[in-house]
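Shown next: structure18.txt, given as compact mmCIF, C-alpha atoms.
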```txt
# COMPACT_ATOMS: atom_id res chain seq x y z
CA MET A 1 -86.12 -85.89 -63.45
CA GLN A 2 -87.41 -87.22 -60.16
CA LEU A 3 -86.94 -85.52 -56.82
CA LYS A 4 -85.53 -88.65 -55.21
CA ASN A 5 -82.55 -90.73 -56.23
CA SER A 6 -83.27 -94.04 -57.95
CA SER A 7 -80.91 -97.02 -58.05
CA THR A 8 -79.43 -95.70 -61.29
CA HIS A 9 -80.02 -91.92 -61.27
CA PHE A 10 -79.53 -88.95 -58.98
CA GLY A 11 -82.71 -87.05 -58.13
CA LEU A 12 -83.22 -83.30 -58.35
CA ILE A 13 -82.73 -82.76 -54.59
CA ALA A 14 -79.33 -84.50 -54.47
CA VAL A 15 -78.18 -82.79 -57.69
CA GLY A 16 -79.38 -79.38 -56.48
CA LEU A 17 -77.71 -79.75 -53.08
CA HIS A 18 -74.46 -80.93 -54.71
CA TRP A 19 -74.18 -77.88 -56.96
CA LEU A 20 -75.45 -75.44 -54.34
CA VAL A 21 -72.68 -76.57 -51.97
CA ALA A 22 -70.10 -76.58 -54.79
CA ILE A 23 -70.83 -73.01 -55.92
CA THR A 24 -71.06 -71.75 -52.33
CA VAL A 25 -67.71 -73.33 -51.39
CA PHE A 26 -65.93 -71.70 -54.34
CA GLY A 27 -67.59 -68.37 -53.56
CA LEU A 28 -66.69 -68.50 -49.88
CA PHE A 29 -63.10 -69.51 -50.62
CA ALA A 30 -62.60 -66.62 -53.03
CA LEU A 31 -64.40 -64.17 -50.76
CA GLY A 32 -62.36 -65.31 -47.76
CA LEU A 33 -59.03 -64.82 -49.51
CA TRP A 34 -60.08 -61.50 -51.01
CA MET A 35 -61.65 -59.94 -47.92
CA THR A 36 -58.66 -60.63 -45.66
CA GLY A 37 -56.43 -58.55 -47.93
CA LEU A 38 -58.67 -55.49 -48.20
CA ASP A 39 -57.63 -51.98 -47.20
CA TYR A 40 -59.11 -50.68 -43.99
CA TYR A 41 -60.97 -47.96 -45.88
CA ASP A 42 -62.45 -50.34 -48.46
CA SER A 43 -66.25 -50.36 -48.32
CA TRP A 44 -66.10 -54.16 -48.30
CA TYR A 45 -63.81 -54.29 -45.25
CA LYS A 46 -66.81 -54.81 -42.98
CA GLN A 47 -69.29 -56.14 -45.53
CA GLY A 48 -67.02 -58.92 -46.82
CA PRO A 49 -66.74 -60.76 -43.51
CA TRP A 50 -70.45 -60.15 -42.82
CA TRP A 51 -71.43 -61.95 -46.05
CA HIS A 52 -68.76 -64.62 -45.53
CA LYS A 53 -70.05 -65.46 -42.04
CA SER A 54 -73.72 -65.25 -42.97
CA ILE A 55 -73.29 -67.50 -46.01
CA GLY A 56 -70.98 -69.84 -44.07
CA ILE A 57 -73.55 -70.43 -41.33
CA MET A 58 -76.27 -71.04 -43.94
CA LEU A 59 -73.95 -73.48 -45.72
CA PHE A 60 -73.59 -75.41 -42.48
CA PHE A 61 -77.36 -75.96 -42.37
CA ILE A 62 -77.36 -76.90 -46.06
CA VAL A 63 -74.58 -79.47 -45.58
CA ILE A 64 -76.40 -80.98 -42.58
CA THR A 65 -79.56 -81.18 -44.70
CA ARG A 66 -77.56 -82.78 -47.50
CA LEU A 67 -76.09 -85.41 -45.18
CA CYS A 68 -79.53 -86.20 -43.75
CA TRP A 69 -80.95 -86.49 -47.26
CA ARG A 70 -78.09 -88.77 -48.23
CA LEU A 71 -78.88 -91.07 -45.28
CA LEU A 72 -82.61 -91.10 -46.05
CA ASN A 73 -82.14 -91.41 -49.79
CA PRO A 74 -78.81 -93.10 -50.63
CA PRO A 75 -77.09 -92.22 -53.90
CA PRO A 76 -77.36 -94.63 -56.84
CA ALA A 77 -74.92 -97.53 -57.08
CA ALA A 78 -71.59 -96.93 -58.81
CA LEU A 79 -71.50 -97.59 -62.52
CA THR A 80 -70.55 -101.19 -63.37
CA SER A 81 -67.74 -99.89 -65.55
CA HIS A 82 -66.04 -98.31 -62.49
CA LYS A 83 -63.06 -100.25 -61.22
CA PRO A 84 -63.05 -101.26 -57.52
CA TRP A 85 -60.11 -98.95 -56.74
CA GLU A 86 -61.93 -96.05 -58.42
CA ILE A 87 -65.03 -96.65 -56.31
CA LYS A 88 -62.99 -96.93 -53.13
CA LEU A 89 -60.96 -93.80 -53.85
CA ALA A 90 -64.04 -91.81 -54.83
CA HIS A 91 -65.86 -92.80 -51.63
CA MET A 92 -62.84 -91.80 -49.56
CA ALA A 93 -62.65 -88.43 -51.34
CA HIS A 94 -66.39 -87.84 -50.80
CA LEU A 95 -66.13 -88.67 -47.09
CA LEU A 96 -63.06 -86.44 -46.73
CA MET A 97 -64.80 -83.54 -48.45
CA TYR A 98 -67.74 -83.77 -46.03
CA LEU A 99 -65.35 -83.93 -43.06
CA LEU A 100 -63.31 -80.98 -44.34
CA LEU A 101 -66.47 -78.94 -44.97
CA LEU A 102 -67.69 -79.49 -41.41
CA THR A 103 -64.29 -78.84 -39.83
CA ILE A 104 -63.79 -75.66 -41.88
CA MET A 105 -67.19 -74.34 -40.83
CA VAL A 106 -66.63 -75.19 -37.16
CA SER A 107 -63.17 -73.57 -37.19
CA GLY A 108 -64.57 -70.44 -38.82
CA TYR A 109 -67.24 -70.28 -36.16
CA LEU A 110 -64.55 -70.63 -33.46
CA ILE A 111 -62.61 -67.62 -34.81
CA SER A 112 -65.50 -65.21 -34.68
CA THR A 113 -66.91 -66.46 -31.38
CA ALA A 114 -63.57 -66.75 -29.54
CA ASP A 115 -64.37 -63.73 -27.39
CA ASN A 116 -67.99 -64.71 -26.75
CA ARG A 117 -69.37 -62.57 -29.58
CA ALA A 118 -72.29 -64.04 -31.51
CA ILE A 119 -72.33 -64.38 -35.31
CA GLU A 120 -75.00 -62.37 -37.10
CA VAL A 121 -76.58 -64.18 -40.05
CA PHE A 122 -77.97 -61.74 -42.65
CA GLY A 123 -79.50 -59.77 -39.79
CA TRP A 124 -82.07 -62.57 -39.50
CA PHE A 125 -80.76 -64.24 -36.37
CA GLU A 126 -77.60 -64.70 -34.34
CA VAL A 127 -75.61 -67.84 -33.62
CA PRO A 128 -74.34 -67.60 -30.03
CA ALA A 129 -70.79 -68.43 -28.94
CA THR A 130 -70.24 -71.73 -27.14
CA ILE A 131 -66.57 -72.62 -26.83
CA THR A 132 -64.65 -69.44 -25.99
CA SER A 133 -61.36 -68.21 -24.59
CA LEU A 134 -59.29 -71.30 -25.29
CA PRO A 135 -55.60 -70.38 -25.40
CA LYS A 136 -54.89 -68.73 -28.78
CA GLN A 137 -58.33 -69.86 -29.96
CA GLU A 138 -58.77 -67.32 -32.76
CA ASP A 139 -55.20 -67.87 -34.03
CA ILE A 140 -55.35 -71.68 -34.09
CA ALA A 141 -58.89 -71.73 -35.48
CA GLY A 142 -57.85 -69.20 -38.13
CA TRP A 143 -54.86 -71.30 -39.18
CA VAL A 144 -56.98 -74.48 -39.35
CA HIS A 145 -59.67 -72.61 -41.31
CA LEU A 146 -57.22 -71.45 -44.00
CA ILE A 147 -55.21 -74.68 -44.29
CA LEU A 148 -58.26 -76.96 -44.47
CA ALA A 149 -60.07 -74.65 -46.89
CA SER A 150 -57.05 -74.79 -49.21
CA THR A 151 -56.94 -78.57 -48.77
CA LEU A 152 -60.64 -78.83 -49.63
CA ILE A 153 -60.20 -76.79 -52.80
CA GLY A 154 -57.29 -79.06 -53.78
CA LEU A 155 -59.47 -82.12 -53.22
CA VAL A 156 -62.35 -80.56 -55.16
CA VAL A 157 -60.00 -80.02 -58.10
CA LEU A 158 -59.05 -83.73 -57.97
CA HIS A 159 -62.74 -84.67 -57.65
CA ALA A 160 -63.59 -82.55 -60.71
CA ALA A 161 -60.59 -83.88 -62.65
CA ALA A 162 -61.76 -87.44 -61.91
CA ALA A 163 -65.25 -86.60 -63.17
CA LEU A 164 -63.80 -85.12 -66.38
CA LYS A 165 -61.60 -88.20 -66.79
CA HIS A 166 -64.72 -90.40 -66.67
CA HIS A 167 -66.50 -88.14 -69.12
CA PHE A 168 -63.79 -87.66 -71.75
CA PHE A 169 -61.56 -90.73 -71.44
CA ASP A 170 -63.79 -93.50 -70.08
CA ARG A 171 -66.80 -91.95 -71.83
CA ASP A 172 -69.21 -93.10 -69.11
CA ARG A 173 -72.22 -91.45 -67.43
CA THR A 174 -70.43 -90.38 -64.21
CA LEU A 175 -70.47 -86.61 -64.88
CA LYS A 176 -73.84 -86.69 -66.62
CA ARG A 177 -75.39 -88.40 -63.58
CA ILE A 178 -74.57 -85.50 -61.24
CA LEU A 179 -76.14 -83.18 -63.82
CA GLY A 180 -79.35 -85.16 -63.32
CA ARG A 181 -79.18 -87.16 -66.53
CA MET B 1 -40.96 -25.57 4.19
CA LYS B 2 -38.92 -27.95 6.23
CA LEU B 3 -39.31 -30.79 3.80
CA PRO B 4 -37.02 -29.49 1.00
CA THR B 5 -34.32 -28.82 3.56
CA LEU B 6 -34.65 -32.32 4.86
CA THR B 7 -34.54 -33.72 1.35
CA THR B 8 -31.49 -31.64 0.54
CA SER B 9 -29.67 -32.81 3.63
CA LEU B 10 -30.61 -36.39 2.86
CA LEU B 11 -29.43 -35.85 -0.67
CA ILE B 12 -26.11 -34.48 0.57
CA ALA B 13 -25.82 -37.36 3.01
CA GLY B 14 -26.61 -39.70 0.22
CA LEU B 15 -24.08 -38.17 -2.10
CA THR B 16 -21.45 -38.28 0.61
CA LEU B 17 -22.20 -41.92 1.17
CA GLY B 18 -22.35 -42.32 -2.54
CA SER B 19 -18.78 -41.29 -2.97
CA THR B 20 -17.83 -44.39 -1.06
CA ALA B 21 -20.40 -46.91 -2.21
CA VAL B 22 -23.71 -46.02 -3.78
CA MET B 23 -25.61 -48.90 -5.22
CA ALA B 24 -28.87 -48.20 -6.98
CA ASP B 25 -31.66 -50.38 -5.69
CA ASP B 26 -32.96 -53.10 -7.95
CA TYR B 27 -36.66 -53.50 -8.47
CA VAL B 28 -38.69 -56.17 -10.17
CA ILE B 29 -41.87 -55.02 -11.89
CA ASP B 30 -44.83 -56.50 -10.05
CA THR B 31 -46.49 -58.38 -12.87
CA LYS B 32 -47.18 -61.29 -10.52
CA GLY B 33 -49.58 -59.18 -8.51
CA ALA B 34 -50.60 -57.30 -11.67
CA HIS B 35 -49.65 -53.90 -10.31
CA ALA B 36 -48.30 -52.99 -13.68
CA SER B 37 -49.73 -52.65 -17.15
CA ILE B 38 -48.78 -51.75 -20.68
CA LYS B 39 -51.58 -50.04 -22.56
CA PHE B 40 -51.78 -48.46 -25.96
CA ARG B 41 -54.26 -46.36 -27.83
CA VAL B 42 -54.73 -45.52 -31.48
CA GLN B 43 -57.33 -43.22 -32.97
CA HIS B 44 -60.10 -44.98 -34.85
CA LEU B 45 -60.83 -43.01 -38.03
CA GLY B 46 -59.99 -39.88 -36.07
CA TYR B 47 -63.32 -40.17 -34.26
CA SER B 48 -62.45 -42.06 -31.08
CA TRP B 49 -59.66 -43.79 -29.16
CA LEU B 50 -59.20 -47.51 -29.44
CA TYR B 51 -57.49 -48.93 -26.34
CA GLY B 52 -55.61 -52.15 -26.00
CA ARG B 53 -53.00 -53.68 -23.77
CA PHE B 54 -50.31 -56.31 -23.58
CA ASN B 55 -51.17 -58.89 -20.97
CA GLU B 56 -47.78 -60.56 -20.73
CA PHE B 57 -44.60 -58.65 -20.06
CA GLY B 58 -41.89 -58.45 -17.47
CA GLY B 59 -38.96 -56.38 -16.48
CA LYS B 60 -36.77 -54.90 -13.88
CA PHE B 61 -35.36 -51.50 -13.11
CA SER B 62 -32.84 -49.98 -10.81
CA TYR B 63 -33.64 -46.71 -9.14
CA ASP B 64 -31.85 -44.63 -6.61
CA GLU B 65 -33.83 -41.71 -5.23
CA LYS B 66 -30.57 -39.93 -4.54
CA GLN B 67 -29.05 -40.49 -7.93
CA PRO B 68 -32.00 -40.87 -10.26
CA GLU B 69 -29.84 -40.26 -13.32
CA LYS B 70 -28.29 -43.64 -12.69
CA SER B 71 -31.65 -45.33 -13.06
CA SER B 72 -32.19 -47.89 -15.74
CA ILE B 73 -35.03 -50.10 -16.89
CA GLU B 74 -35.53 -53.05 -19.13
CA VAL B 75 -38.98 -54.28 -20.16
CA THR B 76 -39.80 -57.22 -22.40
CA ILE B 77 -43.26 -57.60 -23.90
CA LYS B 78 -44.71 -60.82 -25.29
CA THR B 79 -46.33 -59.40 -28.42
CA SER B 80 -48.79 -62.28 -28.85
CA SER B 81 -50.47 -61.20 -25.61
CA VAL B 82 -52.00 -58.16 -27.34
CA ASP B 83 -55.58 -57.71 -26.17
CA SER B 84 -58.01 -55.16 -27.55
CA ASN B 85 -61.07 -57.02 -26.30
CA HIS B 86 -61.97 -58.32 -29.76
CA ALA B 87 -60.64 -61.72 -30.87
CA GLU B 88 -60.85 -61.02 -34.61
CA ARG B 89 -59.01 -57.73 -34.24
CA ASP B 90 -56.39 -59.27 -31.93
CA LYS B 91 -55.79 -62.00 -34.52
CA HIS B 92 -55.27 -59.27 -37.12
CA LEU B 93 -52.97 -57.32 -34.77
CA ARG B 94 -50.83 -60.44 -34.33
CA SER B 95 -50.56 -60.94 -38.10
CA ASP B 96 -47.81 -59.52 -40.28
CA ASP B 97 -50.00 -56.48 -40.99
CA PHE B 98 -49.10 -55.28 -37.51
CA LEU B 99 -47.04 -57.00 -34.81
CA ASN B 100 -45.90 -60.02 -36.84
CA VAL B 101 -45.73 -62.06 -33.65
CA ALA B 102 -44.73 -65.30 -35.36
CA LYS B 103 -41.50 -63.67 -36.49
CA TYR B 104 -41.05 -61.17 -33.65
CA PRO B 105 -42.52 -62.69 -30.49
CA GLU B 106 -40.89 -60.07 -28.27
CA ALA B 107 -40.80 -56.32 -28.06
CA LYS B 108 -38.26 -54.72 -25.78
CA PHE B 109 -37.39 -51.39 -24.25
CA VAL B 110 -33.91 -50.89 -22.83
CA SER B 111 -33.12 -47.52 -21.31
CA THR B 112 -29.94 -45.62 -22.07
CA GLY B 113 -30.39 -42.65 -19.75
CA TYR B 114 -32.70 -40.85 -17.37
CA THR B 115 -33.02 -37.21 -16.43
CA GLN B 116 -35.20 -36.28 -13.52
CA GLY B 117 -36.62 -32.89 -12.71
CA LYS B 118 -37.16 -31.48 -9.22
CA ASP B 119 -40.75 -32.73 -9.08
CA GLY B 120 -39.57 -36.31 -9.39
CA ASN B 121 -40.81 -36.57 -12.97
CA GLY B 122 -38.37 -37.12 -15.74
CA VAL B 123 -37.54 -38.24 -19.23
CA LEU B 124 -36.34 -41.74 -19.91
CA LYS B 125 -34.29 -42.34 -23.02
CA GLY B 126 -33.78 -45.73 -24.52
CA ASN B 127 -34.18 -48.07 -27.44
CA LEU B 128 -37.43 -49.73 -28.37
CA THR B 129 -37.35 -52.92 -30.37
CA LEU B 130 -40.70 -53.58 -32.03
CA ASN B 131 -41.52 -55.63 -35.10
CA GLY B 132 -37.81 -56.36 -35.44
CA VAL B 133 -36.90 -52.66 -35.68
CA THR B 134 -34.82 -50.95 -32.97
CA LYS B 135 -35.12 -47.19 -32.64
CA PRO B 136 -34.41 -44.62 -29.94
CA LEU B 137 -37.47 -43.51 -28.01
CA GLU B 138 -38.16 -41.04 -25.21
CA ILE B 139 -40.65 -41.79 -22.48
CA ASP B 140 -42.09 -39.08 -20.23
CA VAL B 141 -42.01 -40.45 -16.72
CA GLU B 142 -44.24 -39.41 -13.87
CA PHE B 143 -43.21 -40.41 -10.39
CA ILE B 144 -46.31 -41.73 -8.59
CA GLY B 145 -45.07 -42.76 -5.16
CA ALA B 146 -42.79 -44.91 -3.09
CA GLY B 147 -42.68 -46.44 0.36
CA ASP B 148 -43.08 -49.49 2.50
CA ASP B 149 -45.86 -51.85 1.59
CA PRO B 150 -48.00 -53.53 4.31
CA TRP B 151 -46.29 -56.89 3.78
CA GLY B 152 -42.71 -56.06 4.62
CA GLY B 153 -41.51 -54.89 1.24
CA TYR B 154 -40.63 -51.58 -0.35
CA ARG B 155 -42.22 -50.36 -3.54
CA VAL B 156 -41.88 -47.52 -5.99
CA GLY B 157 -44.17 -46.69 -8.89
CA PHE B 158 -43.97 -44.69 -12.08
CA GLU B 159 -46.08 -44.06 -15.12
CA GLY B 160 -44.45 -43.53 -18.46
CA THR B 161 -46.08 -42.26 -21.64
CA THR B 162 -44.77 -42.05 -25.16
CA ARG B 163 -46.01 -41.61 -28.69
CA PHE B 164 -44.53 -42.79 -31.95
CA ALA B 165 -45.46 -43.43 -35.55
CA MET B 166 -46.14 -47.12 -36.19
CA ALA B 167 -44.47 -46.78 -39.60
CA ASP B 168 -41.18 -46.01 -37.82
CA PHE B 169 -41.22 -49.61 -36.67
CA GLY B 170 -42.19 -51.05 -40.02
CA ILE B 171 -45.92 -51.29 -39.27
CA VAL B 172 -47.25 -49.75 -42.46
CA LYS B 173 -50.86 -50.97 -42.59
CA ASP B 174 -52.89 -47.87 -43.44
CA LEU B 175 -55.49 -47.17 -40.77
CA GLY B 176 -56.11 -43.63 -41.95
CA PRO B 177 -54.43 -40.24 -41.60
CA LYS B 178 -55.40 -39.78 -37.94
CA SER B 179 -54.30 -43.27 -36.96
CA LYS B 180 -50.63 -43.25 -37.84
CA ASP B 181 -49.39 -42.81 -34.27
CA VAL B 182 -49.77 -45.02 -31.27
CA GLU B 183 -49.62 -43.76 -27.70
CA MET B 184 -48.33 -46.08 -25.05
CA THR B 185 -48.67 -45.93 -21.30
CA LEU B 186 -46.48 -48.03 -19.09
CA SER B 187 -47.57 -48.23 -15.46
CA VAL B 188 -45.06 -49.97 -13.28
CA GLU B 189 -44.80 -50.75 -9.64
CA GLY B 190 -41.45 -52.18 -8.66
CA ILE B 191 -40.75 -54.29 -5.60
CA LYS B 192 -37.29 -53.73 -4.14
CA GLN B 193 -35.17 -56.84 -4.24
```

structure tokens encoding of this file:
Amino acid sequence: MQLKNSSTHFGLIAVGLHWLVAITVFGLFALGLWMTGLDYYDSWYKQGPWWHKSIGIMLFFIVITRLCWRLLNPPPAALTSHKPWEIKLAHMAHLLMYLLLLTIMVSGYLISTADNRAIEVFGWFEVPATITSLPKQEDIAGWVHLILASTLIGLVVLHAAAALKHHFFDRDRTLKRILGR
Amino acid sequence: MKLPTLTTSLLIAGLTLGSTAVMADDYVIDTKGAHASIKFRVQHLGYSWLYGRFNEFGGKFSYDEKQPEKSSIEVTIKTSSVDSNHAERDKHLRSDDFLNVAKYPEAKFVSTGYTQGKDGNGVLKGNLTLNGVTKPLEIDVEFIGAGDDPWGGYRVGFEGTTRFAMADFGIVKDLGPKSKDVEMTLSVEGIKQ
């Protein structure tokens, strides 16, 4: 398996970034839902958000890297067996997932920095606040964060279902390709 | 010792007048000039006091120095204006774990009676509506001062304090055994209308 994408195959970097983002998104979604329902005296009450924010900020850098890599090294062409509407719909879903990812991360950042507090990332560095004190900033950003995260998970389920459809019904290489084969 | 005598005679004069027509004076709480505040404090883990306030509220009261027992007050608080100087905490306080501001955007205190001691301090009785629950509540009132202001008006100010269990108003989020009660301080300066 090559590092770079070819005209027919995904390379290791694109495959790795895809699955890194996928696993992180599921983890952050579950952690986010779980941590906001914890008891005040739970030992994770403070730790949960700390991990969620630290991982979320790192994910932002990973997604930016992934988008840059995608521009430098475009993905292989769609399989010839794919119908035009499938290709169009898939591209739209991919674009929407990137947009949702970025908006979710920005809205999360806007919750925690609404009062000019910085976000600590694993104790390594801090991300300073920029946009602060908008009316109801933390409430609106929080609402957007939850709604769009749920939307993203819904879209990911569709995306995965489509991949499984290609694998089991159309019996093509779509799913295998993103596994690097 | 002339002052009490003077007060007494004024009081008698007032009562005499009162038998014909005593109208308590109406005051509007000076939120415009921010000479009023509603603060609260809750113990954090039993180790310290966490302070917060409500930035948006309004109200009016009527007060007659000669017949203080006829005083009444009504204060409405916009619950979404809760401010504990921490956006993430304020967001949590506005959620249905605490103030449930989406469902209950207003909290309200309406007095039902007032008894004043000789020192001008007193106890205000009334009903507090918070988180959709209305319950009787007593507020200890300290008279701070009254008189003409430099701009042609007349002002009077009080400070009220009270303490209640949050669970009494349906706020059941467990913050620990030492953090079940909230103390509230209401500082008001009224401008006579």

Practice item. Identify the residues within 10 Å of coordinate (-48.2, -63.5, -29.0) (same frame as the file), considering all atoms listed in the file, and give the answer as a ChimeraX atom specification. Key: /A:136,139 /B:54-56,77-83,90-91,93-95,99-102,104-106

I'd like a table as a Markdown table: residues in chain B with an atom no more than 7 Å from chain A, each row giving the shortest atom pair and its distance in Å to one decimal, only C-alpha atoms counted, sorted by chain and rising residue number.
```
| residue | atom | partner | partner_atom | distance |
| --- | --- | --- | --- | --- |
| B:His86 | CA | A:Asp115 | CA | 6.4 |
| B:Ala87 | CA | A:Asp115 | CA | 5.5 |
| B:Glu88 | CA | A:Ser112 | CA | 6.3 |
| B:Lys91 | CA | A:Asp139 | CA | 5.9 |
| B:Asp174 | CA | A:Tyr40 | CA | 6.8 |
| B:Leu175 | CA | A:Tyr40 | CA | 6.0 |
```

**Study point:** Which residue of B:Gly117, B:Gly176, B:Gly190, B:Gly157 approaches A:Asp42 most closely, using all atoms listed in the file
**Key:**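 Ranked by minimum distance to A:Asp42, first place goes to B:Gly176.
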
Review point. So how many Å separate atom CA of B:Phe109 and atom CA of B:Arg89, to one decimal?
Key: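 Calculated distance between atom CA of B:Phe109 and atom CA of B:Arg89 is 24.6 Å.
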
**Study point:** 10 Å contact set for stretch 149-166 of chain A, only C-alpha atoms, chain neighbours under 5 positions out, as a ChimeraX atom specification
**Key:** /A:22,25-26,28-29,32,82,86,90,93-94,96-101,103-105,143-144,171-176,178

Review point. What is the distance, in Å and to one decimal place, between atom CA of A:Ser107 and atom CA of A:Leu20?
Key: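 Taking atom CA of A:Ser107 and atom CA of A:Leu20, their separation equals 21.2 Å.
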
Check your understanding: Using all atoms listed in the file, which residues sit within 6 Å of B:Thr115 once same-chain residues fewer than 4 positions away are excluded, as a list in words?
Key ->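 What passes the distance filter is Glu69, Gly122 and Val123 of chain B.
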
Review point. How many Å separate atom CA of B:Pro150 from atom CA of B:Ser187?
Key: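 Those two atoms sit 20.5 Å apart.
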
Check your understanding: Near B:Leu124, counting all atoms listed in the file, which residues have an atom at most 10 Å away, once you skip same-chain residues fewer than 6 positions from it, shown as a ChimeraX atom specification?
Key -> /B:69,71-73,110-116,137-141,160-162

Practice item. Give me the residues within 12 Å of A:Thr65 as a PyMOL selection string, counting all atoms listed in the file and dropping any in the same chain fewer than 5 places off. Key: chain A and resi 13-14+16-18+20-21+58-60+70-73

Exercise for review: Could you check which of A:Leu3, A:Ile57, A:Leu33, A:Ile23 is closest to A:Phe125, using only C-alpha atoms?
Suggested key: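 Of A:Leu3, A:Ile57, A:Leu33, A:Ile23, the one nearest A:Phe125, counting only C-alpha atoms, is A:Ile57.
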
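The closest residue to B:Phe169, picked from B:Phe98, B:Tyr27, B:Trp49, B:Phe61 and counting all atoms listed in the file, is B:Phe98.
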
Practice item. Could you check which of A:Leu102, A:Leu12, A:Leu79, A:Leu38 is closest to A:Asp170, using all atoms listed in the file? Key: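 So, comparing all the options, the nearest one is A:Leu79.
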
Point to revise | Pick from B:Lys60, B:Lys70, B:His92, B:His44, whichever lies nearest to B:Ile29 using all atoms listed in the file | key: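 Selected residue with least distance to B:Ile29: B:Lys60.
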
Review point. Residues at most 7 Å from B:Gly52, counting all atoms listed in the file, excluding those fewer than 6 positions away in the same chain, as a ChimeraX atom specification?
Key: /B:39-41,83-84

**Study point:** Counting only C-alpha atoms, the option among A:Ala141, A:Met1, A:Ala78, A:Leu31 closest to A:Gly56
**Key:**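 Nearest candidate to A:Gly56 out of A:Ala141, A:Met1, A:Ala78, A:Leu31: A:Leu31.
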
Given 6 Å of margin on each side, can you work out the centre and size in Å (one decimal) of an axis-aligned box holding every listed atom of stretch 76-87 of chain B, as JSON?
```
{"center_x": -50.9, "center_y": -58.7, "center_z": -26.6, "size_x": 34.2, "size_y": 19.1, "size_z": 20.5}
```

As a PDB file, in the coordinates of the input, please: stretch 159-176 of chain A completed to N, CA and C atoms.
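So the final result, stored in out.pdb, reads:
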```
ATOM      1  N   HIS A 159     -61.399 -84.124 -57.478  1.00  0.00           N
ATOM      2  CA  HIS A 159     -62.740 -84.670 -57.650  1.00  0.00           C
ATOM      3  C   HIS A 159     -63.298 -84.296 -59.034  1.00  0.00           C
ATOM      4  N   ALA A 160     -63.109 -83.029 -59.406  1.00  0.00           N
ATOM      5  CA  ALA A 160     -63.590 -82.550 -60.710  1.00  0.00           C
ATOM      6  C   ALA A 160     -62.779 -83.172 -61.850  1.00  0.00           C
ATOM      7  N   ALA A 161     -61.461 -83.285 -61.629  1.00  0.00           N
ATOM      8  CA  ALA A 161     -60.590 -83.880 -62.650  1.00  0.00           C
ATOM      9  C   ALA A 161     -60.995 -85.343 -62.889  1.00  0.00           C
ATOM     10  N   ALA A 162     -61.334 -86.043 -61.794  1.00  0.00           N
ATOM     11  CA  ALA A 162     -61.760 -87.440 -61.910  1.00  0.00           C
ATOM     12  C   ALA A 162     -63.057 -87.538 -62.717  1.00  0.00           C
ATOM     13  N   ALA A 163     -63.978 -86.601 -62.443  1.00  0.00           N
ATOM     14  CA  ALA A 163     -65.250 -86.600 -63.170  1.00  0.00           C
ATOM     15  C   ALA A 163     -65.014 -86.354 -64.664  1.00  0.00           C
ATOM     16  N   LEU A 164     -64.109 -85.429 -64.981  1.00  0.00           N
ATOM     17  CA  LEU A 164     -63.800 -85.120 -66.380  1.00  0.00           C
ATOM     18  C   LEU A 164     -63.112 -86.306 -67.058  1.00  0.00           C
ATOM     19  N   LYS A 165     -62.278 -86.995 -66.264  1.00  0.00           N
ATOM     20  CA  LYS A 165     -61.600 -88.200 -66.790  1.00  0.00           C
ATOM     21  C   LYS A 165     -62.652 -89.235 -67.198  1.00  0.00           C
ATOM     22  N   HIS A 166     -63.662 -89.437 -66.351  1.00  0.00           N
ATOM     23  CA  HIS A 166     -64.720 -90.400 -66.670  1.00  0.00           C
ATOM     24  C   HIS A 166     -65.505 -89.966 -67.908  1.00  0.00           C
ATOM     25  N   HIS A 167     -65.692 -88.647 -68.020  1.00  0.00           N
ATOM     26  CA  HIS A 167     -66.500 -88.140 -69.120  1.00  0.00           C
ATOM     27  C   HIS A 167     -65.769 -88.220 -70.456  1.00  0.00           C
ATOM     28  N   PHE A 168     -64.501 -87.779 -70.479  1.00  0.00           N
ATOM     29  CA  PHE A 168     -63.790 -87.660 -71.750  1.00  0.00           C
ATOM     30  C   PHE A 168     -62.945 -88.872 -72.121  1.00  0.00           C
ATOM     31  N   PHE A 169     -62.419 -89.576 -71.122  1.00  0.00           N
ATOM     32  CA  PHE A 169     -61.560 -90.730 -71.440  1.00  0.00           C
ATOM     33  C   PHE A 169     -62.315 -92.036 -71.356  1.00  0.00           C
ATOM     34  N   ASP A 170     -63.037 -92.241 -70.218  1.00  0.00           N
ATOM     35  CA  ASP A 170     -63.790 -93.500 -70.080  1.00  0.00           C
ATOM     36  C   ASP A 170     -65.126 -93.424 -70.830  1.00  0.00           C
ATOM     37  N   ARG A 171     -65.544 -92.190 -71.126  1.00  0.00           N
ATOM     38  CA  ARG A 171     -66.800 -91.950 -71.830  1.00  0.00           C
ATOM     39  C   ARG A 171     -67.986 -92.668 -71.184  1.00  0.00           C
ATOM     40  N   ASP A 172     -68.056 -92.501 -69.810  1.00  0.00           N
ATOM     41  CA  ASP A 172     -69.210 -93.100 -69.110  1.00  0.00           C
ATOM     42  C   ASP A 172     -70.137 -91.992 -68.586  1.00  0.00           C
ATOM     43  N   ARG A 173     -71.157 -92.385 -67.839  1.00  0.00           N
ATOM     44  CA  ARG A 173     -72.220 -91.450 -67.430  1.00  0.00           C
ATOM     45  C   ARG A 173     -71.922 -90.714 -66.115  1.00  0.00           C
ATOM     46  N   THR A 174     -70.726 -90.906 -65.545  1.00  0.00           N
ATOM     47  CA  THR A 174     -70.430 -90.380 -64.210  1.00  0.00           C
ATOM     48  C   THR A 174     -70.771 -88.890 -64.065  1.00  0.00           C
ATOM     49  N   LEU A 175     -70.240 -88.063 -64.968  1.00  0.00           N
ATOM     50  CA  LEU A 175     -70.470 -86.610 -64.880  1.00  0.00           C
ATOM     51  C   LEU A 175     -71.918 -86.270 -65.212  1.00  0.00           C
ATOM     52  N   LYS A 176     -72.454 -86.955 -66.201  1.00  0.00           N
ATOM     53  CA  LYS A 176     -73.840 -86.690 -66.620  1.00  0.00           C
ATOM     54  C   LYS A 176     -74.813 -86.979 -65.480  1.00  0.00           C
TER      55      LYS A 176
END
```
